[in-house]
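**Q** Dropping in start.cif, with mmCIF, C-alpha atoms.
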```cif
data_upload
loop_
_atom_site.label_atom_id
_atom_site.label_comp_id
_atom_site.auth_asym_id
_atom_site.auth_seq_id
_atom_site.Cartn_x
_atom_site.Cartn_y
_atom_site.Cartn_z
CA MET D 1 0.00 0.00 0.00
CA SER D 2 1.35 3.43 -0.97
CA VAL D 3 2.18 5.76 1.93
CA ASN D 4 -0.22 8.26 0.33
CA ASP D 5 -3.05 5.79 0.92
CA VAL D 6 -1.91 5.09 4.48
CA ILE D 7 -1.93 8.84 5.20
CA MET D 8 -5.38 9.22 3.64
CA ASP D 9 -6.77 6.31 5.65
CA ALA D 10 -5.43 7.83 8.87
CA LEU D 11 -7.08 11.18 8.04
CA VAL D 12 -10.41 9.52 7.24
CA GLU D 13 -10.30 7.31 10.35
CA ASN D 14 -9.75 10.40 12.49
CA LYS D 15 -12.62 12.23 10.76
CA VAL D 16 -10.28 14.99 9.60
CA ASP D 17 -12.59 17.18 7.51
CA PHE D 18 -10.70 20.42 6.85
CA VAL D 19 -7.21 20.39 5.36
CA THR D 20 -5.14 23.35 4.23
CA THR D 21 -2.10 22.77 2.07
CA VAL D 22 0.91 24.55 0.67
CA PRO D 23 2.50 22.19 -1.85
CA CYS D 24 5.85 20.43 -1.98
CA LYS D 25 7.03 17.99 -4.64
CA GLN D 26 7.00 15.18 -2.09
CA LEU D 27 3.44 16.02 -1.09
CA ALA D 28 1.95 16.11 -4.60
CA GLY D 29 0.37 12.65 -4.41
CA VAL D 30 -1.24 13.09 -1.01
CA ILE D 31 -2.53 16.58 -1.87
CA GLU D 32 -4.20 15.14 -4.97
CA LYS D 33 -5.93 12.50 -2.87
CA ILE D 34 -7.08 15.07 -0.31
CA ASP D 35 -8.50 17.20 -3.08
CA GLU D 36 -10.52 14.23 -4.30
CA ALA D 37 -11.70 13.09 -0.85
CA PRO D 38 -15.46 13.70 -0.57
CA ASP D 39 -15.50 14.33 3.20
CA ILE D 40 -12.55 16.70 3.39
CA TYR D 41 -12.79 20.41 2.60
CA HIS D 42 -9.45 21.15 0.93
CA ILE D 43 -8.39 24.78 1.01
CA PRO D 44 -5.02 25.63 -0.51
CA ALA D 45 -3.30 28.47 1.36
CA ASN D 46 -0.86 30.97 -0.10
CA ARG D 47 1.34 30.87 2.97
CA GLU D 48 1.40 28.50 5.89
CA ASP D 49 0.64 31.10 8.57
CA GLU D 50 -2.52 31.95 6.64
CA GLY D 51 -3.25 28.21 6.60
CA MET D 52 -2.92 28.05 10.38
CA GLY D 53 -5.45 30.88 10.68
CA LEU D 54 -7.86 28.94 8.46
CA CYS D 55 -7.35 25.81 10.58
CA ALA D 56 -7.91 27.76 13.82
CA GLY D 57 -11.17 29.18 12.47
CA ALA D 58 -12.33 25.78 11.25
CA TYR D 59 -11.58 24.30 14.67
CA LEU D 60 -13.64 27.03 16.36
CA GLY D 61 -16.43 26.06 13.98
CA GLY D 62 -16.33 22.40 15.01
CA LYS D 63 -14.09 20.90 12.32
CA ARG D 64 -11.07 18.65 12.77
CA PRO D 65 -8.40 20.50 10.81
CA ALA D 66 -4.90 19.63 9.62
CA ILE D 67 -2.17 21.43 7.70
CA ILE D 68 0.10 19.92 5.08
CA MET D 69 3.29 21.85 4.35
CA GLN D 70 7.04 21.76 3.88
CA ASN D 71 9.50 22.09 6.77
CA THR D 72 10.65 25.47 5.40
CA ALA D 73 7.26 26.71 6.65
CA ILE D 74 8.45 26.45 10.25
CA GLY D 75 10.27 29.68 9.43
CA VAL D 76 7.06 31.58 8.70
CA THR D 77 4.73 30.02 11.26
CA ILE D 78 6.47 30.34 14.63
CA ASN D 79 4.35 33.34 15.65
CA SER D 80 1.12 31.64 14.55
CA LEU D 81 2.06 28.43 16.36
CA THR D 82 2.83 30.20 19.63
CA THR D 83 0.33 33.10 19.79
CA LEU D 84 -2.61 31.34 18.14
CA ILE D 85 -2.45 27.55 18.17
CA GLN D 86 -0.61 27.09 21.47
CA PHE D 87 -1.88 30.19 23.31
CA TYR D 88 -5.56 29.31 22.73
CA ARG D 89 -4.85 25.60 23.06
CA MET D 90 -5.99 24.22 19.73
CA PRO D 91 -5.10 20.91 18.07
CA LEU D 92 -3.16 21.14 14.82
CA PRO D 93 -1.62 18.12 13.13
CA MET D 94 1.16 19.32 10.84
CA LEU D 95 2.01 16.78 8.15
CA ILE D 96 5.37 18.04 7.00
CA SER D 97 7.45 17.19 3.98
CA TYR D 98 10.91 17.03 5.57
CA ARG D 99 13.14 18.38 2.84
CA GLY D 100 16.91 18.58 3.17
CA GLU D 101 17.44 15.08 4.59
CA VAL D 102 19.43 12.21 3.03
CA GLY D 103 18.39 11.89 -0.61
CA GLU D 104 17.87 15.64 -1.03
CA PRO D 105 19.07 16.99 -4.39
CA VAL D 106 18.79 20.72 -3.52
CA ALA D 107 21.51 22.05 -1.20
CA CYS D 108 19.51 25.04 0.01
CA GLN D 109 16.89 22.71 1.53
CA VAL D 110 19.53 21.38 3.92
CA GLU D 111 19.86 24.82 5.52
CA MET D 112 16.35 24.61 6.97
CA ALA D 113 16.51 20.86 7.59
CA VAL D 114 19.32 21.26 10.13
CA HIS D 115 17.18 23.70 12.14
CA THR D 116 13.82 21.98 11.81
CA LYS D 117 13.92 19.70 14.86
CA ALA D 118 15.69 22.29 17.01
CA LEU D 119 12.98 24.86 16.27
CA LEU D 120 10.17 22.39 16.95
CA ASN D 121 11.90 21.32 20.18
CA GLN D 122 12.26 24.94 21.22
CA LEU D 123 8.48 25.30 20.76
CA SER D 124 7.86 22.09 22.78
CA ILE D 125 6.02 20.59 19.82
CA PRO D 126 6.02 16.77 19.75
CA ILE D 127 7.95 15.45 16.74
CA TYR D 128 7.37 12.17 14.90
CA HIS D 129 9.98 11.44 12.22
CA PHE D 130 8.76 9.09 9.47
CA HIS D 131 11.78 7.55 7.76
CA LYS D 132 10.50 4.18 6.57
CA PRO D 133 7.15 3.64 4.84
CA GLU D 134 5.90 1.47 7.71
CA ASP D 135 6.34 4.42 10.10
CA ALA D 136 3.10 5.79 8.61
CA ASP D 137 1.19 3.04 10.40
CA GLU D 138 1.44 5.16 13.55
CA LEU D 139 -0.24 8.20 11.97
CA THR D 140 -3.76 7.22 13.04
CA ASP D 141 -2.70 7.19 16.70
CA ILE D 142 -0.65 10.38 16.32
CA LEU D 143 -3.69 12.23 14.95
CA SER D 144 -5.90 10.97 17.82
CA TYR D 145 -3.22 12.08 20.29
CA CYS D 146 -3.09 15.53 18.70
CA TYR D 147 -6.86 16.14 18.93
CA MET D 148 -6.94 14.71 22.47
CA SER D 149 -4.12 16.96 23.68
CA LYS D 150 -5.31 20.09 21.80
CA LYS D 151 -1.74 20.91 20.81
CA PRO D 152 0.19 21.16 17.56
CA VAL D 153 2.03 18.00 16.58
CA ALA D 154 4.70 17.73 13.85
CA VAL D 155 5.04 14.68 11.61
CA LEU D 156 8.28 14.97 9.62
CA MET D 157 8.28 12.80 6.51
CA ASP D 158 11.68 12.58 4.82
CA ALA D 159 12.79 11.60 1.29
CA THR D 160 13.42 7.96 2.22
CA PHE D 161 9.87 7.70 3.54
CA TRP D 162 8.41 9.14 0.31
CA LYS D 163 10.10 6.39 -1.70
CA GLY D 164 7.08 4.42 -0.49
CA ALA D 165 4.71 6.74 -2.33
CA MET Y 1 -15.25 59.45 12.82
CA ILE Y 2 -12.48 57.23 14.14
CA ARG Y 3 -12.62 53.42 14.43
CA SER Y 4 -14.17 53.39 17.91
CA ASP Y 5 -16.97 55.71 16.68
CA VAL Y 6 -17.65 53.29 13.82
CA LEU Y 7 -17.71 50.34 16.22
CA LYS Y 8 -20.13 52.17 18.53
CA THR Y 9 -22.58 52.71 15.68
CA LEU Y 10 -22.30 49.04 14.67
CA ILE Y 11 -22.86 47.49 18.11
CA PRO Y 12 -26.67 47.17 17.77
CA LEU Y 13 -26.07 45.23 14.55
CA ILE Y 14 -23.10 43.06 15.46
CA SER Y 15 -23.46 42.50 19.20
CA GLU Y 16 -24.87 39.00 18.81
CA GLN Y 17 -22.99 38.01 15.67
CA LEU Y 18 -19.88 35.83 15.67
CA LEU Y 19 -17.03 38.33 15.56
CA VAL Y 20 -13.35 37.61 15.02
CA THR Y 21 -11.61 40.78 16.12
CA ASN Y 22 -8.16 41.85 14.97
CA ILE Y 23 -5.27 42.06 17.43
CA GLY Y 24 -4.71 45.24 19.41
CA LEU Y 25 -7.16 48.10 19.51
CA PRO Y 26 -10.01 46.54 17.48
CA SER Y 27 -10.17 43.68 20.00
CA GLN Y 28 -9.62 45.98 22.98
CA GLU Y 29 -12.25 48.48 21.83
CA MET Y 30 -14.87 45.77 21.26
CA HIS Y 31 -13.98 44.31 24.64
CA LEU Y 32 -14.48 47.70 26.31
CA LEU Y 33 -17.59 48.73 24.36
CA ASP Y 34 -19.47 45.42 24.16
CA ASP Y 35 -17.80 42.35 25.64
CA GLN Y 36 -19.65 39.28 24.39
CA PRO Y 37 -18.89 35.55 24.39
CA SER Y 38 -19.55 35.74 20.65
CA ASN Y 39 -16.41 37.87 20.27
CA PHE Y 40 -13.22 35.96 19.49
CA TYR Y 41 -10.52 38.38 20.59
CA MET Y 42 -7.21 37.90 18.88
CA LEU Y 43 -4.52 38.60 21.45
CA GLY Y 44 -1.68 37.93 19.01
CA THR Y 45 -0.97 36.85 15.46
CA MET Y 46 -1.44 40.05 13.49
CA GLY Y 47 -2.83 39.46 10.03
CA LEU Y 48 -4.89 36.33 10.57
CA ALA Y 49 -8.34 37.68 11.54
CA SER Y 50 -9.63 37.27 7.98
CA SER Y 51 -8.21 33.74 7.74
CA ILE Y 52 -9.71 32.67 11.06
CA GLY Y 53 -13.01 34.26 10.05
CA LEU Y 54 -13.07 32.46 6.70
CA GLY Y 55 -12.19 29.11 8.27
CA LEU Y 56 -14.99 29.58 10.81
CA ALA Y 57 -17.51 30.60 8.14
CA LEU Y 58 -16.67 27.59 5.99
CA ALA Y 59 -16.96 25.27 8.99
CA GLN Y 60 -20.52 26.13 10.08
CA ASP Y 61 -23.63 28.04 8.98
CA LYS Y 62 -23.87 31.03 11.34
CA LYS Y 63 -22.88 34.46 10.00
CA VAL Y 64 -19.30 35.45 10.74
CA ILE Y 65 -17.83 38.94 10.72
CA ALA Y 66 -14.05 39.31 10.69
CA LEU Y 67 -13.37 42.75 12.10
CA ASP Y 68 -10.05 43.54 10.50
CA GLY Y 69 -7.79 46.51 9.86
CA ASP Y 70 -5.96 47.83 6.83
CA GLY Y 71 -2.51 47.14 8.28
CA SER Y 72 -3.50 43.61 9.14
CA VAL Y 73 -4.86 42.87 5.66
CA LEU Y 74 -1.71 44.36 4.14
CA MET Y 75 0.31 41.95 6.28
CA ASN Y 76 -1.64 38.91 5.00
CA PHE Y 77 -2.50 39.85 1.42
CA GLY Y 78 -2.62 36.18 0.45
CA THR Y 79 -5.91 35.99 2.33
CA LEU Y 80 -7.84 37.85 -0.39
CA PRO Y 81 -7.40 35.29 -3.22
CA THR Y 82 -8.17 32.51 -0.73
CA ILE Y 83 -11.38 34.27 0.29
CA ALA Y 84 -12.30 34.97 -3.35
CA ASN Y 85 -11.88 31.33 -4.35
CA ASN Y 86 -13.50 29.73 -1.30
CA VAL Y 87 -16.82 31.54 -1.17
CA ALA Y 88 -18.68 31.35 2.15
CA SER Y 89 -22.02 33.15 1.81
CA ASN Y 90 -22.14 33.63 5.60
CA PHE Y 91 -18.85 35.55 5.72
CA ILE Y 92 -18.34 39.29 5.99
CA LEU Y 93 -14.83 40.72 6.02
CA LEU Y 94 -15.16 44.19 7.52
CA ILE Y 95 -11.93 46.11 7.05
CA ILE Y 96 -11.86 49.31 9.10
CA ASP Y 97 -9.44 51.25 6.94
CA ASN Y 98 -8.05 54.24 8.80
CA GLY Y 99 -4.84 54.33 6.77
CA SER Y 100 -2.70 53.72 9.81
CA TYR Y 101 -1.27 51.18 12.23
CA GLY Y 102 -3.44 52.42 15.11
CA SER Y 103 -2.25 50.04 17.78
CA THR Y 104 1.39 50.96 17.35
CA GLY Y 105 1.16 54.74 17.23
CA ASP Y 106 -0.70 55.65 14.04
CA GLN Y 107 2.16 55.11 11.61
CA PRO Y 108 0.74 55.47 8.07
CA THR Y 109 -0.07 52.37 6.01
CA TYR Y 110 0.04 52.14 2.23
CA SER Y 111 -3.76 51.92 2.13
CA GLY Y 112 -3.78 55.57 3.14
CA MET Y 113 -1.53 56.35 0.20
CA LYS Y 114 -1.75 54.89 -3.30
CA THR Y 115 -3.07 51.41 -2.52
CA SER Y 116 -6.83 50.81 -2.57
CA LEU Y 117 -7.82 47.72 -0.59
CA SER Y 118 -11.19 47.52 -2.34
CA ASP Y 119 -9.44 47.53 -5.73
CA VAL Y 120 -7.04 44.84 -4.50
CA ALA Y 121 -9.92 42.69 -3.20
CA THR Y 122 -11.72 43.07 -6.54
CA ALA Y 123 -8.55 42.24 -8.48
CA CYS Y 124 -8.14 39.12 -6.31
CA GLY Y 125 -11.53 37.92 -7.50
CA CYS Y 126 -13.78 38.84 -4.59
CA ASP Y 127 -17.25 39.17 -6.13
CA HIS Y 128 -18.92 41.57 -3.74
CA VAL Y 129 -16.67 44.37 -2.53
CA VAL Y 130 -18.20 47.50 -1.03
CA GLU Y 131 -16.25 50.60 -0.05
CA CYS Y 132 -18.02 52.99 2.27
CA GLN Y 133 -17.36 56.00 4.44
CA ALA Y 134 -17.55 55.72 8.23
CA GLU Y 135 -20.93 57.48 8.30
CA ASP Y 136 -22.42 54.75 6.06
CA ALA Y 137 -20.95 51.81 7.98
CA PHE Y 138 -24.23 50.95 9.71
CA ASP Y 139 -26.28 50.73 6.50
CA THR Y 140 -23.53 48.86 4.66
CA VAL Y 141 -23.05 46.23 7.36
CA LYS Y 142 -26.84 45.91 7.80
CA ALA Y 143 -27.25 45.21 4.09
CA ALA Y 144 -24.45 42.65 4.18
CA LEU Y 145 -25.99 40.87 7.20
CA GLU Y 146 -29.40 40.80 5.54
CA GLY Y 147 -28.00 39.53 2.27
CA ASP Y 148 -26.90 36.04 1.45
CA GLN Y 149 -23.64 36.89 -0.23
CA MET Y 150 -20.07 36.94 1.00
CA THR Y 151 -19.15 40.61 1.34
CA ILE Y 152 -15.88 42.46 1.69
CA ILE Y 153 -16.44 45.89 3.20
CA VAL Y 154 -13.71 48.51 3.21
CA CYS Y 155 -14.89 51.18 5.63
CA LYS Y 156 -12.80 54.33 5.39
CA CYS Y 157 -12.46 56.34 8.60
CA GLU Y 158 -10.13 58.77 10.31
CA SER Y 159 -7.06 57.68 12.19
CA GLY Y 160 -7.21 57.92 15.97
CA ASN Y 161 -7.68 55.89 19.11
CA ILE Y 162 -9.43 55.95 22.46
CA LYS Y 163 -7.78 54.83 25.66
CA VAL Y 164 -8.58 51.19 26.35
CA PRO Y 165 -7.43 48.60 28.87
CA VAL Y 166 -5.66 45.43 27.73
CA ILE Y 167 -7.77 42.28 27.66
CA ASP Y 168 -6.92 40.04 30.59
CA ILE Y 169 -9.33 37.20 29.82
CA ASP Y 170 -7.46 33.92 29.53
CA PRO Y 171 -7.23 32.90 25.85
CA VAL Y 172 -8.60 29.45 26.62
CA VAL Y 173 -11.64 31.10 28.23
CA ILE Y 174 -12.10 33.32 25.15
CA LYS Y 175 -11.98 30.22 22.97
CA ASP Y 176 -14.22 28.13 25.20
CA ARG Y 177 -17.03 30.64 25.57
CA PHE Y 178 -16.84 31.47 21.86
CA MET Y 179 -17.11 27.81 20.84
CA LYS Y 180 -20.15 27.39 23.09
CA VAL Y 181 -21.90 30.23 21.22
CA VAL Y 182 -20.93 28.67 17.88
CA GLN Y 183 -22.39 25.32 18.98
CA SER Y 184 -25.58 26.80 20.50
#
```
Spell out the structure here as structure tokens.
**A**
Amino acid sequence: MSVNDVIMDALVENKVDFVTTVPCKQLAGVIEKIDEAPDIYHIPANREDEGMGLCAGAYLGGKRPAIIMQNTAIGVTINSLTTLIQFYRMPLPMLISYRGEVGEPVACQVEMAVHTKALLNQLSIPIYHFHKPEDADELTDILSYCYMSKKPVAVLMDATFWKGA
Amino acid sequence: MIRSDVLKTLIPLISEQLLVTNIGLPSQEMHLLDDQPSNFYMLGTMGLASSIGLGLALAQDKKVIALDGDGSVLMNFGTLPTIANNVASNFILLIIDNGSYGSTGDQPTYSGMKTSLSDVATACGCDHVVECQAEDAFDTVKAALEGDQMTIIVCKCESGNIKVPVIDIDPVVIKDRFMKVVQS
């Protein structure tokens, strides 16, 4: 089973019904599936902090939101994560394409990769690093944990993981 | 008329509506003038009132007003194409455009110079954009609330602020009481 399907199944099982995305090459397959999913409102955002605002509003309105983005987005969302998502105590699963890891062809992506976990740790955001395709089997439980705890959670999915797509 | 005068005239209309209020003085003025559980006060995150408002409007059926400012919309311009392309007929984006960053000392914004926010919203594809003067805010918002069409209102007013206390309600309390109104 493709990791894209495993991710989709986890979203559906957790009744995730509002997903905002900013694309990444590695995320193309899963974004396409989300766009086709009948029970998910897919709203592409122009920037990830905007996406977090959309997710916060959807949560206030009773939805179970999620954001799909690249790890470079950590650079533009720290204020939204702290003063909106964490301050008001809202759940936000962040499914993150972890660029800049082993297998990365673009050197510039490494610059953000080396800071990604440190920044998330600094924000006390739980990190789950998916390296092998079978790591995705834990996503269902990670999503449940996120909505239970009403906190942001980061799932970092690296290039080796996406070979399973 | 300055922003607080506009808000005073609007209170009979918006008091019981779901309001997402922009960080700083818009939130603080609404809190002082008409604190309601149906007000979601943004205590941080400048720029995202319109995004939160749109997400909320798409998620449920009640009317939603995002009470935003020109500086805040300028900070999150990407919101306008997202709003234009994800139409929520229960959503009103009310931009109080005083041409200045009121909460930080009335520094001028570009919307008070050559940039027209209503033209930008129209160019982004928003179908129903209304620009009005402060004196017409009541009638414009009333028409938007009575209609069944997503509306972007750019309400021009003078720059200036009243003295207001900071909001010391816990953010989780703001969220909790707001969500109870949404669910009621």
**Q** Taking a cut-off of 12 Å and counting only C-alpha atoms, can you build a table that, for each residue of chain D near chain Y, reports the nearest atom pair and how far apart they are in Å (one decimal), sorted by chain then residue number, as a Markdown table?
**A**
```
| residue | atom | partner | partner_atom | distance |
| --- | --- | --- | --- | --- |
| D:Asp17 | CA | Y:Ala59 | CA | 9.3 |
| D:Phe18 | CA | Y:Ala59 | CA | 8.2 |
| D:Val19 | CA | Y:Gly55 | CA | 10.5 |
| D:Thr20 | CA | Y:Gly55 | CA | 10.0 |
| D:Thr21 | CA | Y:Thr82 | CA | 11.8 |
| D:Ile40 | CA | Y:Ala59 | CA | 11.1 |
| D:Tyr41 | CA | Y:Leu58 | CA | 8.8 |
| D:His42 | CA | Y:Asn86 | CA | 9.7 |
| D:Ile43 | CA | Y:Asn86 | CA | 7.5 |
| D:Pro44 | CA | Y:Thr82 | CA | 7.6 |
| D:Ala45 | CA | Y:Thr82 | CA | 6.7 |
| D:Asn46 | CA | Y:Gly78 | CA | 5.5 |
| D:Arg47 | CA | Y:Gly78 | CA | 7.1 |
| D:Glu48 | CA | Y:Gly78 | CA | 10.2 |
| D:Asp49 | CA | Y:Leu48 | CA | 7.9 |
| D:Glu50 | CA | Y:Ser51 | CA | 6.1 |
| D:Gly51 | CA | Y:Ser51 | CA | 7.5 |
| D:Met52 | CA | Y:Ser51 | CA | 8.2 |
| D:Gly53 | CA | Y:Ile52 | CA | 4.6 |
| D:Leu54 | CA | Y:Gly55 | CA | 4.3 |
| D:Cys55 | CA | Y:Gly55 | CA | 6.3 |
| D:Ala56 | CA | Y:Ile52 | CA | 5.9 |
| D:Gly57 | CA | Y:Ile52 | CA | 4.0 |
| D:Ala58 | CA | Y:Gly55 | CA | 4.5 |
| D:Tyr59 | CA | Y:Leu56 | CA | 7.4 |
| D:Leu60 | CA | Y:Met179 | CA | 5.7 |
| D:Gly61 | CA | Y:Leu56 | CA | 5.0 |
| D:Gly62 | CA | Y:Ala59 | CA | 6.7 |
| D:Lys63 | CA | Y:Ala59 | CA | 6.2 |
| D:Arg64 | CA | Y:Ala59 | CA | 9.6 |
| D:Pro65 | CA | Y:Gly55 | CA | 9.7 |
| D:Val76 | CA | Y:Thr45 | CA | 11.7 |
| D:Thr77 | CA | Y:Thr45 | CA | 9.8 |
| D:Ile78 | CA | Y:Thr45 | CA | 9.9 |
| D:Asn79 | CA | Y:Thr45 | CA | 6.4 |
| D:Ser80 | CA | Y:Thr45 | CA | 5.7 |
| D:Leu81 | CA | Y:Thr45 | CA | 9.0 |
| D:Thr82 | CA | Y:Thr45 | CA | 8.7 |
| D:Thr83 | CA | Y:Gly44 | CA | 5.3 |
| D:Leu84 | CA | Y:Thr45 | CA | 6.3 |
| D:Ile85 | CA | Y:Thr45 | CA | 9.8 |
| D:Gln86 | CA | Y:Val172 | CA | 9.8 |
| D:Phe87 | CA | Y:Pro171 | CA | 6.5 |
| D:Tyr88 | CA | Y:Val172 | CA | 4.9 |
| D:Arg89 | CA | Y:Val172 | CA | 6.4 |
| D:Met90 | CA | Y:Val172 | CA | 9.0 |
| D:Lys150 | CA | Y:Val172 | CA | 11.0 |
```
**Q** Just want the 6 Å neighbourhood of Asp68 in chain Y, counted on all atoms listed in the file, with same-chain residues fewer than 3 positions away dropped. Output as number ranges by chain.
**A** Y: 22, 94-95
**Q** Env of Gly24 in chain Y: 12 Å cut, atoms = only C-alpha atoms, seq-sep filter 3 positions within chain, self excluded. Answer as a ChimeraX atom specification.
**A** /Y:21,27-31,41-47,49,67-69,71-72,101-105,161,163-167
**Q** Closest to Phe161 in chain D among D:Asp39, D:Glu32, D:Asp135, D:Asp141, using only C-alpha atoms?
**A**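 Ranked by minimum distance to Phe161 in chain D, first place goes to D:Asp135.
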**Q** Let me have the centre and edge lengths of the axis-aligned box enclosing all listed atoms of range 73-78 of chain D with 8 Å padding on every side, in Å to one decimal, as AutoDock Vina command-line options.
**A**
```
--center_x 7.5 --center_y 29.0 --center_z 10.6 --size_x 21.5 --size_y 21.1 --size_z 24.0
```
**Q** Give me, please, the distance in Å between CA of Gln70 in chain D and CA of Glu13 in chain D, quoted to one decimal.
**A**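 Computed distance, CA of Gln70 in chain D to CA of Glu13 in chain D, equals 23.5 Å.
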**Q** Closest to Ala10 in chain D among D:Ser149, D:Ser124, D:Gln109, D:Ser144, using only C-alpha atoms?
**A**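 With only C-alpha atoms as the atom set, the closest residue is D:Ser144.
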**Q** Would you mind reading off the distance between CA of Ala37 in chain D and CA of Tyr98 in chain D, one decimal, in Å?
**A**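 A separation of 23.8 Å between them.
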**Q** Would you mind telling me which residue in D:Pro133, D:Asp5, D:Pro91, D:Arg99 lies nearest to Cys24 in chain D when using only C-alpha atoms?
**A** D:Arg99
**Q** Taking the file above as input, evaluate the PyMOL selection byres ((chain Y and resi 5) around 10) and report the hits as a PyMOL selection string.
**A** chain Y and resi 1-4+6-10+134-135+157-158+161-162
**Q** I need the residues from that last selection saved to file as a tab-separated table (two decimals), in the coordinates of the input (with C-alpha atoms), if you can.
**A**
```
chain	number	residue	atom	x	y	z
Y	1	MET	CA	-15.25	59.45	12.82
Y	2	ILE	CA	-12.48	57.23	14.14
Y	3	ARG	CA	-12.62	53.42	14.43
Y	4	SER	CA	-14.17	53.39	17.91
Y	6	VAL	CA	-17.65	53.29	13.82
Y	7	LEU	CA	-17.71	50.34	16.22
Y	8	LYS	CA	-20.13	52.17	18.53
Y	9	THR	CA	-22.58	52.71	15.68
Y	10	LEU	CA	-22.30	49.04	14.67
Y	134	ALA	CA	-17.55	55.72	8.23
Y	135	GLU	CA	-20.93	57.48	8.30
Y	157	CYS	CA	-12.46	56.34	8.60
Y	158	GLU	CA	-10.13	58.77	10.31
Y	161	ASN	CA	-7.68	55.89	19.11
Y	162	ILE	CA	-9.43	55.95	22.46
```
**Q** Would you mind putting N, CA and C atoms back on range 71-85 of chain D and writing the result as a PDB file, keeping the file's coordinate frame?
**A**
```
ATOM      1  N   ASN D  71       8.836  21.659   5.533  1.00  0.00           N
ATOM      2  CA  ASN D  71       9.500  22.090   6.770  1.00  0.00           C
ATOM      3  C   ASN D  71      10.031  23.525   6.700  1.00  0.00           C
ATOM      4  N   THR D  72      10.245  24.061   5.508  1.00  0.00           N
ATOM      5  CA  THR D  72      10.650  25.470   5.400  1.00  0.00           C
ATOM      6  C   THR D  72       9.605  26.381   6.032  1.00  0.00           C
ATOM      7  N   ALA D  73       8.361  25.899   6.104  1.00  0.00           N
ATOM      8  CA  ALA D  73       7.260  26.710   6.650  1.00  0.00           C
ATOM      9  C   ALA D  73       7.421  26.978   8.135  1.00  0.00           C
ATOM     10  N   ILE D  74       8.226  26.177   8.824  1.00  0.00           N
ATOM     11  CA  ILE D  74       8.450  26.450  10.250  1.00  0.00           C
ATOM     12  C   ILE D  74       8.960  27.893  10.401  1.00  0.00           C
ATOM     13  N   GLY D  75       9.720  28.318   9.393  1.00  0.00           N
ATOM     14  CA  GLY D  75      10.270  29.680   9.430  1.00  0.00           C
ATOM     15  C   GLY D  75       9.224  30.774   9.386  1.00  0.00           C
ATOM     16  N   VAL D  76       8.070  30.518   8.793  1.00  0.00           N
ATOM     17  CA  VAL D  76       7.060  31.580   8.700  1.00  0.00           C
ATOM     18  C   VAL D  76       5.861  31.349   9.618  1.00  0.00           C
ATOM     19  N   THR D  77       5.915  30.308  10.442  1.00  0.00           N
ATOM     20  CA  THR D  77       4.730  30.020  11.260  1.00  0.00           C
ATOM     21  C   THR D  77       4.982  30.044  12.763  1.00  0.00           C
ATOM     22  N   ILE D  78       6.179  30.408  13.189  1.00  0.00           N
ATOM     23  CA  ILE D  78       6.470  30.340  14.630  1.00  0.00           C
ATOM     24  C   ILE D  78       5.520  31.238  15.425  1.00  0.00           C
ATOM     25  N   ASN D  79       5.267  32.443  14.926  1.00  0.00           N
ATOM     26  CA  ASN D  79       4.350  33.340  15.650  1.00  0.00           C
ATOM     27  C   ASN D  79       2.933  32.772  15.688  1.00  0.00           C
ATOM     28  N   SER D  80       2.476  32.218  14.566  1.00  0.00           N
ATOM     29  CA  SER D  80       1.120  31.640  14.550  1.00  0.00           C
ATOM     30  C   SER D  80       1.027  30.428  15.467  1.00  0.00           C
ATOM     31  N   LEU D  81       2.074  29.613  15.486  1.00  0.00           N
ATOM     32  CA  LEU D  81       2.060  28.430  16.360  1.00  0.00           C
ATOM     33  C   LEU D  81       2.000  28.836  17.830  1.00  0.00           C
ATOM     34  N   THR D  82       2.774  29.855  18.203  1.00  0.00           N
ATOM     35  CA  THR D  82       2.830  30.200  19.630  1.00  0.00           C
ATOM     36  C   THR D  82       1.632  31.060  20.055  1.00  0.00           C
ATOM     37  N   THR D  83       1.336  32.145  19.300  1.00  0.00           N
ATOM     38  CA  THR D  83       0.330  33.100  19.790  1.00  0.00           C
ATOM     39  C   THR D  83      -1.090  32.749  19.382  1.00  0.00           C
ATOM     40  N   LEU D  84      -1.246  31.760  18.508  1.00  0.00           N
ATOM     41  CA  LEU D  84      -2.610  31.340  18.140  1.00  0.00           C
ATOM     42  C   LEU D  84      -2.859  29.889  18.568  1.00  0.00           C
ATOM     43  N   ILE D  85      -2.159  28.968  17.948  1.00  0.00           N
ATOM     44  CA  ILE D  85      -2.450  27.550  18.170  1.00  0.00           C
ATOM     45  C   ILE D  85      -2.144  27.135  19.616  1.00  0.00           C
TER      46      ILE D  85
END
```
